[in-house]
$ cat run-v4.txt   # compact mmCIF, N, CA and C atoms
# COMPACT_ATOMS: atom_id res chain seq x y z
N MET A 1121 9.61 -3.52 -4.14
CA MET A 1121 9.11 -3.82 -2.82
C MET A 1121 10.31 -4.12 -1.93
N ASN A 1122 10.44 -3.38 -0.87
CA ASN A 1122 11.59 -3.53 0.01
C ASN A 1122 11.34 -4.64 1.03
N ALA A 1123 12.31 -5.51 1.21
CA ALA A 1123 12.23 -6.54 2.25
C ALA A 1123 12.45 -5.86 3.60
N LEU A 1124 11.52 -6.05 4.50
CA LEU A 1124 11.60 -5.44 5.82
C LEU A 1124 12.13 -6.47 6.80
N GLU A 1125 13.12 -6.11 7.58
CA GLU A 1125 13.80 -7.06 8.45
C GLU A 1125 13.38 -6.97 9.90
N ASN A 1126 12.65 -5.90 10.26
CA ASN A 1126 12.19 -5.78 11.64
C ASN A 1126 10.90 -4.96 11.68
N LEU A 1127 10.23 -5.01 12.82
CA LEU A 1127 8.95 -4.32 12.97
C LEU A 1127 9.11 -2.80 12.90
N SER A 1128 10.25 -2.31 13.34
CA SER A 1128 10.49 -0.87 13.30
C SER A 1128 10.47 -0.36 11.86
N GLN A 1129 11.08 -1.10 10.95
CA GLN A 1129 11.06 -0.71 9.53
C GLN A 1129 9.63 -0.69 8.99
N ALA A 1130 8.83 -1.66 9.38
CA ALA A 1130 7.43 -1.72 8.93
C ALA A 1130 6.64 -0.53 9.47
N HIS A 1131 6.81 -0.24 10.76
CA HIS A 1131 6.11 0.89 11.36
C HIS A 1131 6.52 2.21 10.69
N ASP A 1132 7.81 2.37 10.44
CA ASP A 1132 8.30 3.60 9.80
C ASP A 1132 7.72 3.75 8.39
N LEU A 1133 7.69 2.67 7.64
CA LEU A 1133 7.14 2.72 6.28
C LEU A 1133 5.70 3.19 6.31
N VAL A 1134 4.92 2.61 7.20
CA VAL A 1134 3.49 2.94 7.29
C VAL A 1134 3.29 4.38 7.75
N GLN A 1135 4.04 4.82 8.73
CA GLN A 1135 3.83 6.15 9.30
C GLN A 1135 4.40 7.28 8.45
N GLN A 1136 5.39 7.00 7.64
CA GLN A 1136 6.05 8.06 6.89
C GLN A 1136 5.58 8.18 5.44
N SER A 1137 4.68 7.32 5.02
CA SER A 1137 4.23 7.33 3.63
C SER A 1137 2.74 7.65 3.56
N PRO A 1138 2.32 8.55 2.65
CA PRO A 1138 0.89 8.82 2.51
C PRO A 1138 0.11 7.56 2.12
N ILE A 1139 0.70 6.74 1.25
CA ILE A 1139 0.08 5.47 0.88
C ILE A 1139 1.16 4.39 0.93
N SER A 1140 0.88 3.34 1.68
CA SER A 1140 1.84 2.25 1.77
C SER A 1140 1.11 0.91 1.76
N VAL A 1141 1.88 -0.12 1.43
CA VAL A 1141 1.36 -1.48 1.36
C VAL A 1141 2.36 -2.38 2.06
N LEU A 1142 1.85 -3.28 2.89
CA LEU A 1142 2.67 -4.33 3.46
C LEU A 1142 2.18 -5.66 2.87
N TYR A 1143 3.13 -6.42 2.33
CA TYR A 1143 2.83 -7.71 1.72
C TYR A 1143 3.47 -8.80 2.58
N PHE A 1144 2.65 -9.68 3.15
CA PHE A 1144 3.11 -10.74 4.04
C PHE A 1144 3.10 -12.06 3.29
N SER A 1145 4.18 -12.81 3.47
CA SER A 1145 4.34 -14.05 2.73
C SER A 1145 5.15 -15.03 3.56
N GLY A 1146 5.34 -16.21 3.00
CA GLY A 1146 6.19 -17.22 3.62
C GLY A 1146 6.92 -17.99 2.54
N PRO A 1147 8.04 -18.61 2.87
CA PRO A 1147 8.84 -19.30 1.86
C PRO A 1147 8.17 -20.54 1.28
N ASP A 1148 7.26 -21.14 2.02
CA ASP A 1148 6.59 -22.36 1.55
C ASP A 1148 5.28 -22.09 0.84
N CYS A 1149 4.98 -20.84 0.56
CA CYS A 1149 3.72 -20.46 -0.07
C CYS A 1149 3.98 -20.19 -1.56
N GLY A 1150 3.60 -21.13 -2.40
CA GLY A 1150 3.81 -20.97 -3.84
C GLY A 1150 2.99 -19.83 -4.42
N VAL A 1151 1.77 -19.67 -3.95
CA VAL A 1151 0.91 -18.59 -4.42
C VAL A 1151 1.54 -17.24 -4.08
N CYS A 1152 2.09 -17.14 -2.87
CA CYS A 1152 2.73 -15.89 -2.44
C CYS A 1152 3.89 -15.53 -3.36
N GLN A 1153 4.71 -16.52 -3.66
CA GLN A 1153 5.89 -16.28 -4.49
C GLN A 1153 5.50 -15.91 -5.92
N ALA A 1154 4.41 -16.49 -6.42
CA ALA A 1154 3.96 -16.17 -7.77
C ALA A 1154 3.28 -14.81 -7.84
N LEU A 1155 2.57 -14.43 -6.79
CA LEU A 1155 1.81 -13.18 -6.78
C LEU A 1155 2.69 -11.96 -6.52
N LYS A 1156 3.73 -12.11 -5.74
CA LYS A 1156 4.58 -10.97 -5.34
C LYS A 1156 5.12 -10.18 -6.53
N PRO A 1157 5.74 -10.79 -7.53
CA PRO A 1157 6.25 -9.99 -8.65
C PRO A 1157 5.15 -9.31 -9.46
N ARG A 1158 3.98 -9.92 -9.49
CA ARG A 1158 2.86 -9.31 -10.19
C ARG A 1158 2.34 -8.09 -9.43
N VAL A 1159 2.30 -8.17 -8.11
CA VAL A 1159 1.90 -7.02 -7.29
C VAL A 1159 2.94 -5.91 -7.45
N GLU A 1160 4.21 -6.26 -7.43
CA GLU A 1160 5.27 -5.26 -7.62
C GLU A 1160 5.13 -4.56 -8.97
N ALA A 1161 4.84 -5.32 -10.02
CA ALA A 1161 4.68 -4.74 -11.36
C ALA A 1161 3.47 -3.80 -11.39
N LEU A 1162 2.37 -4.22 -10.76
CA LEU A 1162 1.16 -3.37 -10.72
C LEU A 1162 1.46 -2.07 -9.99
N LEU A 1163 2.14 -2.15 -8.87
CA LEU A 1163 2.47 -0.93 -8.12
C LEU A 1163 3.36 -0.01 -8.93
N ALA A 1164 4.35 -0.57 -9.59
CA ALA A 1164 5.28 0.25 -10.39
C ALA A 1164 4.56 0.92 -11.56
N GLU A 1165 3.64 0.20 -12.18
CA GLU A 1165 2.95 0.71 -13.36
C GLU A 1165 1.82 1.68 -13.03
N ARG A 1166 0.95 1.30 -12.10
CA ARG A 1166 -0.26 2.09 -11.84
C ARG A 1166 -0.16 3.00 -10.61
N PHE A 1167 0.68 2.62 -9.65
CA PHE A 1167 0.74 3.35 -8.37
C PHE A 1167 2.19 3.60 -7.96
N PRO A 1168 2.92 4.37 -8.76
CA PRO A 1168 4.35 4.54 -8.49
C PRO A 1168 4.68 5.26 -7.18
N ARG A 1169 3.75 5.97 -6.61
CA ARG A 1169 4.03 6.69 -5.36
C ARG A 1169 3.80 5.82 -4.12
N VAL A 1170 3.23 4.65 -4.30
CA VAL A 1170 2.98 3.76 -3.16
C VAL A 1170 4.30 3.18 -2.68
N GLN A 1171 4.53 3.27 -1.39
CA GLN A 1171 5.70 2.65 -0.77
C GLN A 1171 5.30 1.25 -0.31
N ALA A 1172 6.03 0.23 -0.75
CA ALA A 1172 5.66 -1.14 -0.45
C ALA A 1172 6.76 -1.86 0.32
N GLY A 1173 6.33 -2.64 1.29
CA GLY A 1173 7.26 -3.44 2.07
C GLY A 1173 6.84 -4.90 2.05
N TYR A 1174 7.82 -5.77 2.07
CA TYR A 1174 7.61 -7.21 2.04
C TYR A 1174 8.08 -7.80 3.37
N ILE A 1175 7.22 -8.59 3.99
CA ILE A 1175 7.58 -9.24 5.25
C ILE A 1175 7.45 -10.74 5.07
N ASP A 1176 8.57 -11.43 5.24
CA ASP A 1176 8.60 -12.88 5.22
C ASP A 1176 8.33 -13.34 6.65
N LEU A 1177 7.20 -13.98 6.87
CA LEU A 1177 6.81 -14.35 8.23
C LEU A 1177 7.70 -15.45 8.82
N ALA A 1178 8.42 -16.17 7.99
CA ALA A 1178 9.38 -17.14 8.51
C ALA A 1178 10.59 -16.42 9.12
N GLN A 1179 10.95 -15.27 8.56
CA GLN A 1179 12.08 -14.48 9.05
C GLN A 1179 11.67 -13.56 10.19
N LEU A 1180 10.42 -13.11 10.18
CA LEU A 1180 9.93 -12.15 11.17
C LEU A 1180 8.57 -12.62 11.71
N PRO A 1181 8.54 -13.73 12.45
CA PRO A 1181 7.27 -14.31 12.89
C PRO A 1181 6.44 -13.40 13.80
N GLN A 1182 7.08 -12.50 14.53
CA GLN A 1182 6.34 -11.61 15.43
C GLN A 1182 5.44 -10.64 14.65
N ALA A 1183 5.72 -10.44 13.37
CA ALA A 1183 4.87 -9.56 12.54
C ALA A 1183 3.47 -10.13 12.41
N SER A 1184 3.35 -11.44 12.47
CA SER A 1184 2.03 -12.07 12.38
C SER A 1184 1.11 -11.59 13.50
N GLY A 1185 1.61 -11.57 14.71
CA GLY A 1185 0.82 -11.10 15.84
C GLY A 1185 0.63 -9.59 15.84
N GLU A 1186 1.65 -8.87 15.46
CA GLU A 1186 1.59 -7.40 15.44
C GLU A 1186 0.55 -6.90 14.45
N TYR A 1187 0.48 -7.54 13.29
CA TYR A 1187 -0.42 -7.08 12.22
C TYR A 1187 -1.64 -7.99 12.04
N LEU A 1188 -1.81 -8.94 12.93
CA LEU A 1188 -2.94 -9.88 12.89
C LEU A 1188 -3.05 -10.57 11.53
N VAL A 1189 -1.94 -11.12 11.09
CA VAL A 1189 -1.88 -11.84 9.83
C VAL A 1189 -1.87 -13.34 10.15
N PHE A 1190 -2.92 -14.03 9.77
CA PHE A 1190 -3.05 -15.45 10.10
C PHE A 1190 -3.09 -16.34 8.87
N ALA A 1191 -3.00 -15.75 7.69
CA ALA A 1191 -2.97 -16.50 6.43
C ALA A 1191 -2.08 -15.74 5.46
N VAL A 1192 -1.46 -16.47 4.56
CA VAL A 1192 -0.63 -15.82 3.53
C VAL A 1192 -1.12 -16.27 2.17
N PRO A 1193 -0.98 -15.43 1.16
CA PRO A 1193 -0.48 -14.06 1.24
C PRO A 1193 -1.51 -13.12 1.86
N THR A 1194 -1.03 -12.09 2.49
CA THR A 1194 -1.87 -11.00 3.00
C THR A 1194 -1.26 -9.69 2.55
N LEU A 1195 -2.11 -8.80 2.09
CA LEU A 1195 -1.68 -7.47 1.67
C LEU A 1195 -2.54 -6.47 2.44
N ILE A 1196 -1.88 -5.55 3.14
CA ILE A 1196 -2.60 -4.53 3.90
C ILE A 1196 -2.23 -3.17 3.34
N CYS A 1197 -3.25 -2.37 3.01
CA CYS A 1197 -3.05 -1.02 2.50
C CYS A 1197 -3.19 -0.02 3.65
N TYR A 1198 -2.34 0.98 3.64
CA TYR A 1198 -2.38 2.03 4.65
C TYR A 1198 -2.47 3.38 3.96
N PHE A 1199 -3.33 4.24 4.48
CA PHE A 1199 -3.51 5.59 3.95
C PHE A 1199 -3.28 6.56 5.09
N ASP A 1200 -2.26 7.40 4.97
CA ASP A 1200 -1.88 8.33 6.03
C ASP A 1200 -1.72 7.64 7.37
N GLY A 1201 -1.11 6.46 7.35
CA GLY A 1201 -0.83 5.72 8.58
C GLY A 1201 -1.97 4.91 9.14
N ARG A 1202 -3.13 4.99 8.52
CA ARG A 1202 -4.30 4.25 8.99
C ARG A 1202 -4.56 3.05 8.08
N GLU A 1203 -4.94 1.94 8.70
CA GLU A 1203 -5.19 0.75 7.90
C GLU A 1203 -6.41 0.92 7.02
N GLY A 1204 -6.24 0.53 5.78
CA GLY A 1204 -7.33 0.54 4.80
C GLY A 1204 -7.71 -0.89 4.47
N PRO A 1205 -7.94 -1.17 3.20
CA PRO A 1205 -8.34 -2.52 2.81
C PRO A 1205 -7.26 -3.56 3.15
N ARG A 1206 -7.74 -4.73 3.48
CA ARG A 1206 -6.87 -5.87 3.80
C ARG A 1206 -7.31 -7.02 2.92
N LEU A 1207 -6.38 -7.57 2.18
CA LEU A 1207 -6.66 -8.71 1.30
C LEU A 1207 -5.87 -9.90 1.82
N SER A 1208 -6.53 -11.05 1.89
CA SER A 1208 -5.85 -12.20 2.46
C SER A 1208 -6.24 -13.49 1.76
N ARG A 1209 -5.29 -14.37 1.67
CA ARG A 1209 -5.41 -15.71 1.14
C ARG A 1209 -5.71 -15.78 -0.34
N ALA A 1210 -6.92 -15.54 -0.75
CA ALA A 1210 -7.30 -15.68 -2.16
C ALA A 1210 -7.71 -14.32 -2.72
N PHE A 1211 -6.80 -13.66 -3.42
CA PHE A 1211 -7.11 -12.38 -4.06
C PHE A 1211 -6.25 -12.25 -5.30
N GLY A 1212 -6.70 -11.37 -6.19
CA GLY A 1212 -5.99 -11.17 -7.45
C GLY A 1212 -5.57 -9.72 -7.62
N LEU A 1213 -4.94 -9.46 -8.74
CA LEU A 1213 -4.46 -8.10 -9.01
C LEU A 1213 -5.59 -7.09 -9.13
N GLY A 1214 -6.72 -7.51 -9.66
CA GLY A 1214 -7.87 -6.61 -9.77
C GLY A 1214 -8.31 -6.09 -8.41
N GLU A 1215 -8.29 -6.95 -7.43
CA GLU A 1215 -8.67 -6.54 -6.08
C GLU A 1215 -7.63 -5.60 -5.46
N VAL A 1216 -6.36 -5.84 -5.75
CA VAL A 1216 -5.30 -4.95 -5.27
C VAL A 1216 -5.49 -3.57 -5.90
N GLU A 1217 -5.72 -3.56 -7.21
CA GLU A 1217 -5.91 -2.29 -7.92
C GLU A 1217 -7.12 -1.54 -7.38
N GLN A 1218 -8.20 -2.25 -7.16
CA GLN A 1218 -9.42 -1.62 -6.64
C GLN A 1218 -9.19 -1.08 -5.22
N ALA A 1219 -8.45 -1.80 -4.41
CA ALA A 1219 -8.19 -1.37 -3.03
C ALA A 1219 -7.39 -0.07 -2.98
N LEU A 1220 -6.52 0.15 -3.96
CA LEU A 1220 -5.65 1.32 -3.95
C LEU A 1220 -6.15 2.50 -4.78
N ALA A 1221 -6.93 2.24 -5.81
CA ALA A 1221 -7.22 3.25 -6.83
C ALA A 1221 -7.84 4.54 -6.28
N ARG A 1222 -8.89 4.45 -5.53
CA ARG A 1222 -9.60 5.64 -5.07
C ARG A 1222 -8.72 6.51 -4.16
N ALA A 1223 -8.12 5.90 -3.17
CA ALA A 1223 -7.28 6.66 -2.24
C ALA A 1223 -6.06 7.23 -2.96
N TYR A 1224 -5.50 6.47 -3.88
CA TYR A 1224 -4.34 6.94 -4.63
C TYR A 1224 -4.70 8.18 -5.44
N GLN A 1225 -5.85 8.14 -6.08
CA GLN A 1225 -6.30 9.29 -6.87
C GLN A 1225 -6.48 10.51 -5.97
N ILE A 1226 -7.12 10.34 -4.85
CA ILE A 1226 -7.37 11.45 -3.95
C ILE A 1226 -6.05 12.02 -3.41
N LEU A 1227 -5.18 11.16 -2.95
CA LEU A 1227 -3.95 11.62 -2.32
C LEU A 1227 -2.93 12.17 -3.31
N THR A 1228 -2.97 11.72 -4.56
CA THR A 1228 -2.01 12.25 -5.52
C THR A 1228 -2.53 13.50 -6.22
N VAL A 1229 -3.83 13.67 -6.32
CA VAL A 1229 -4.39 14.87 -6.94
C VAL A 1229 -4.35 16.03 -5.96
N HIS A 1230 -4.65 15.78 -4.71
CA HIS A 1230 -4.70 16.82 -3.69
C HIS A 1230 -3.43 16.78 -2.84
N THR A 1231 -2.34 17.15 -3.43
CA THR A 1231 -1.07 17.15 -2.71
C THR A 1231 -0.99 18.37 -1.81
N PRO A 1232 -0.21 18.30 -0.74
CA PRO A 1232 -0.13 19.42 0.20
C PRO A 1232 0.40 20.71 -0.41
N TRP A 1233 1.16 20.63 -1.46
CA TRP A 1233 1.74 21.85 -2.04
C TRP A 1233 0.79 22.55 -3.00
N GLN A 1234 -0.36 21.97 -3.30
CA GLN A 1234 -1.33 22.63 -4.16
C GLN A 1234 -2.28 23.45 -3.30
N LYS A 1235 -2.42 24.70 -3.66
CA LYS A 1235 -3.35 25.56 -2.94
C LYS A 1235 -4.66 25.62 -3.71
N PRO A 1236 -5.78 25.55 -3.01
CA PRO A 1236 -7.05 25.71 -3.71
C PRO A 1236 -7.19 27.14 -4.22
N PRO A 1237 -7.93 27.33 -5.30
CA PRO A 1237 -8.08 28.70 -5.82
C PRO A 1237 -8.82 29.57 -4.82
N LEU A 1238 -8.43 30.83 -4.78
CA LEU A 1238 -9.13 31.78 -3.92
C LEU A 1238 -10.53 32.03 -4.48
N PRO A 1239 -11.50 32.30 -3.63
CA PRO A 1239 -12.87 32.52 -4.12
C PRO A 1239 -12.94 33.61 -5.17
N SER A 1240 -12.11 34.63 -5.07
CA SER A 1240 -12.15 35.73 -6.04
C SER A 1240 -11.57 35.31 -7.39
N GLU A 1241 -10.78 34.22 -7.43
CA GLU A 1241 -10.17 33.77 -8.68
C GLU A 1241 -11.02 32.76 -9.42
N GLU A 1242 -11.99 32.14 -8.76
CA GLU A 1242 -12.78 31.07 -9.36
C GLU A 1242 -13.61 31.53 -10.55
N GLY A 1243 -14.15 32.71 -10.51
CA GLY A 1243 -15.03 33.17 -11.58
C GLY A 1243 -14.32 33.92 -12.71
N ARG A 1244 -13.02 34.13 -12.57
CA ARG A 1244 -12.28 34.89 -13.58
C ARG A 1244 -12.11 34.10 -14.86
N GLY A 1245 -11.99 34.80 -15.92
CA GLY A 1245 -11.72 34.19 -17.22
C GLY A 1245 -12.97 33.82 -17.99
N GLU A 1246 -14.12 33.93 -17.36
CA GLU A 1246 -15.36 33.63 -18.06
C GLU A 1246 -15.92 34.93 -18.61
N GLY A 1247 -16.34 34.89 -19.82
CA GLY A 1247 -16.74 36.11 -20.49
C GLY A 1247 -18.11 36.43 -20.45
$ encode --input "run-v4.txt" --output "structure tokens"
Amino acid sequence: MNALENLSQAHDLVQQSPISVLYFSGPDCGVCQALKPRVEALLAERFPRVQAGYIDLAQLPQASGEYLVFAVPTLICYFDGREGPRLSRAFGLGEVEQALARAYQILTVHTPWQKPPLPSEEGRGEG
């Protein structure tokens, strides 16, 4: 999870990634600090293509207003630049996994470089 130092980096991450996650936290939030490495491990293990950014609201307080984050921890999922599920305050890894699983499956199975079979090819090979 990359530490984001300004709003421009956050906007770029969201707009340039098919699936991205922003994780908002603060230095005085014990739950945030305990959950962050577990979220990172889940992303690395189950969702390796997800681009993740970490925003410390003490370092970048304007992100709170920009992303309407009023409690920490907050995790916002983005799919093709559009906001998806938002988890805030009390959530676990199961909820993070559930929030990402369906969209991740769709976006990783149907990649832009895969062409659908031509109608004339669909029935071939059956005897």
$ closest_residue --input "run-v4.txt" --among "A:Thr1194, A:Ser1184, A:Gln1135, A:Gln1171" --to "Leu1155 of chain A" --atoms "only C-alpha atoms"
A:Thr1194
$ select_by_dssp --input "run-v4.txt" --residues "segment 1149-1215 of chain A" --states "strand (DSSP E or B)" --output "list in words"
Gln1171, Ala1172, Gly1173, Tyr1174, Ile1175, Asp1176, Thr1194, Leu1195, Ile1196, Cys1197, Tyr1198, Phe1199, Arg1202, Glu1203, Gly1204, Pro1205, Arg1206, Leu1207 and Ser1208 of chain A
$ closest_residue --input "run-v4.txt" --among "A:Phe1211, A:Tyr1174, A:Phe1167, A:Tyr1224" --to "Pro1193 of chain A" --atoms "only N, CA and C atoms"
A:Phe1211
$ atom_distance --input "run-v4.txt" --atom1 "atom CA of Pro1138 of chain A" --atom2 "atom N of Phe1199 of chain A"
6.5 Å
$ residues_around --input "run-v4.txt" --residues "segment 1202-1206 of chain A" --least-positions-apart "6" --cutoff "7 Å" --atoms "only N, CA and C atoms" --output "count of residues only"
5
$ closest_residue --input "run-v4.txt" --among "A:Asp1132, A:Ser1140, A:Leu1188, A:Arg1166" --to "Gln1218 of chain A" --atoms "only C-alpha atoms"
A:Arg1166
$ select_by_dssp --input "run-v4.txt" --residues "chain A" --states "alpha helix (DSSP H)" --output "PyMOL selection string"
chain A and resi 1127-1136+1150-1166+1182-1186+1213-1229+1239-1242
$ closest_residue --input "run-v4.txt" --among "A:Ala1123, A:Ser1128, A:Cys1152, A:Gln1136" --to "Ala1172 of chain A" --atoms "all atoms listed in the file"
A:Ala1123
$ closest_residue --input "run-v4.txt" --among "A:Gln1182, A:Val1141, A:Pro1168, A:Gly1150" --to "Leu1127 of chain A" --atoms "all atoms listed in the file"
A:Gln1182
$ residues_around --input "run-v4.txt" --residues "Val1216 of chain A" --least-positions-apart "4" --cutoff "8 Å" --atoms "only N, CA and C atoms" --output "VMD selection string"
chain A and resid 1159 1207 1211 to 1212 1220 to 1221
$ closest_residue --input "run-v4.txt" --among "A:Ala1191, A:Cys1197, A:Met1121, A:Leu1177" --to "Leu1142 of chain A" --atoms "all atoms listed in the file"
A:Cys1197
$ atom_distance --input "run-v4.txt" --atom1 "atom C of Asp1200 of chain A" --atom2 "atom C of Ile1139 of chain A"
7.8 Å
$ residues_around --input "run-v4.txt" --residues "Asn1126 of chain A" --least-positions-apart "3" --cutoff "8 Å" --atoms "only N, CA and C atoms" --output "PyMOL selection string"
chain A and resi 1123+1129-1131+1175+1179-1180+1183
$ atom_distance --input "run-v4.txt" --atom1 "atom CA of Val1192 of chain A" --atom2 "atom CA of Pro1147 of chain A"
10.2 Å
$ decode --input "run-v4.txt" --residues "segment 1192-1220 of chain A" --atoms "C-alpha atoms" --output "PDB file, in the first residue's frame"
ATOM      1  CA  VAL A1192     -11.278   6.251  10.627  1.00  0.00           C
ATOM      2  CA  PRO A1193     -10.468   3.715   9.474  1.00  0.00           C
ATOM      3  CA  THR A1194     -12.256   4.199   6.168  1.00  0.00           C
ATOM      4  CA  LEU A1195     -11.656   2.122   3.062  1.00  0.00           C
ATOM      5  CA  ILE A1196     -13.130   3.191  -0.273  1.00  0.00           C
ATOM      6  CA  CYS A1197     -13.125   0.874  -3.295  1.00  0.00           C
ATOM      7  CA  TYR A1198     -13.055   2.285  -6.815  1.00  0.00           C
ATOM      8  CA  PHE A1199     -13.894   0.429 -10.016  1.00  0.00           C
ATOM      9  CA  ASP A1200     -12.878   2.104 -13.282  1.00  0.00           C
ATOM     10  CA  GLY A1201     -12.622   5.420 -11.445  1.00  0.00           C
ATOM     11  CA  ARG A1202     -16.089   5.220  -9.913  1.00  0.00           C
ATOM     12  CA  GLU A1203     -16.681   4.856  -6.205  1.00  0.00           C
ATOM     13  CA  GLY A1204     -17.864   1.436  -5.112  1.00  0.00           C
ATOM     14  CA  PRO A1205     -18.306   0.092  -1.603  1.00  0.00           C
ATOM     15  CA  ARG A1206     -17.220   2.265   1.304  1.00  0.00           C
ATOM     16  CA  LEU A1207     -16.342   0.721   4.656  1.00  0.00           C
ATOM     17  CA  SER A1208     -15.939   2.907   7.698  1.00  0.00           C
ATOM     18  CA  ARG A1209     -15.186   2.695  11.394  1.00  0.00           C
ATOM     19  CA  ALA A1210     -16.076  -0.899  12.286  1.00  0.00           C
ATOM     20  CA  PHE A1211     -15.313  -3.443   9.554  1.00  0.00           C
ATOM     21  CA  GLY A1212     -13.280  -6.587   9.147  1.00  0.00           C
ATOM     22  CA  LEU A1213     -11.327  -8.391   6.475  1.00  0.00           C
ATOM     23  CA  GLY A1214     -14.371 -10.411   5.422  1.00  0.00           C
ATOM     24  CA  GLU A1215     -16.173  -7.224   4.495  1.00  0.00           C
ATOM     25  CA  VAL A1216     -13.156  -5.949   2.551  1.00  0.00           C
ATOM     26  CA  GLU A1217     -12.961  -9.249   0.675  1.00  0.00           C
ATOM     27  CA  GLN A1218     -16.680  -9.192  -0.079  1.00  0.00           C
ATOM     28  CA  ALA A1219     -16.507  -5.577  -1.290  1.00  0.00           C
ATOM     29  CA  LEU A1220     -13.778  -6.410  -3.816  1.00  0.00           C
TER      30      LEU A1220
END
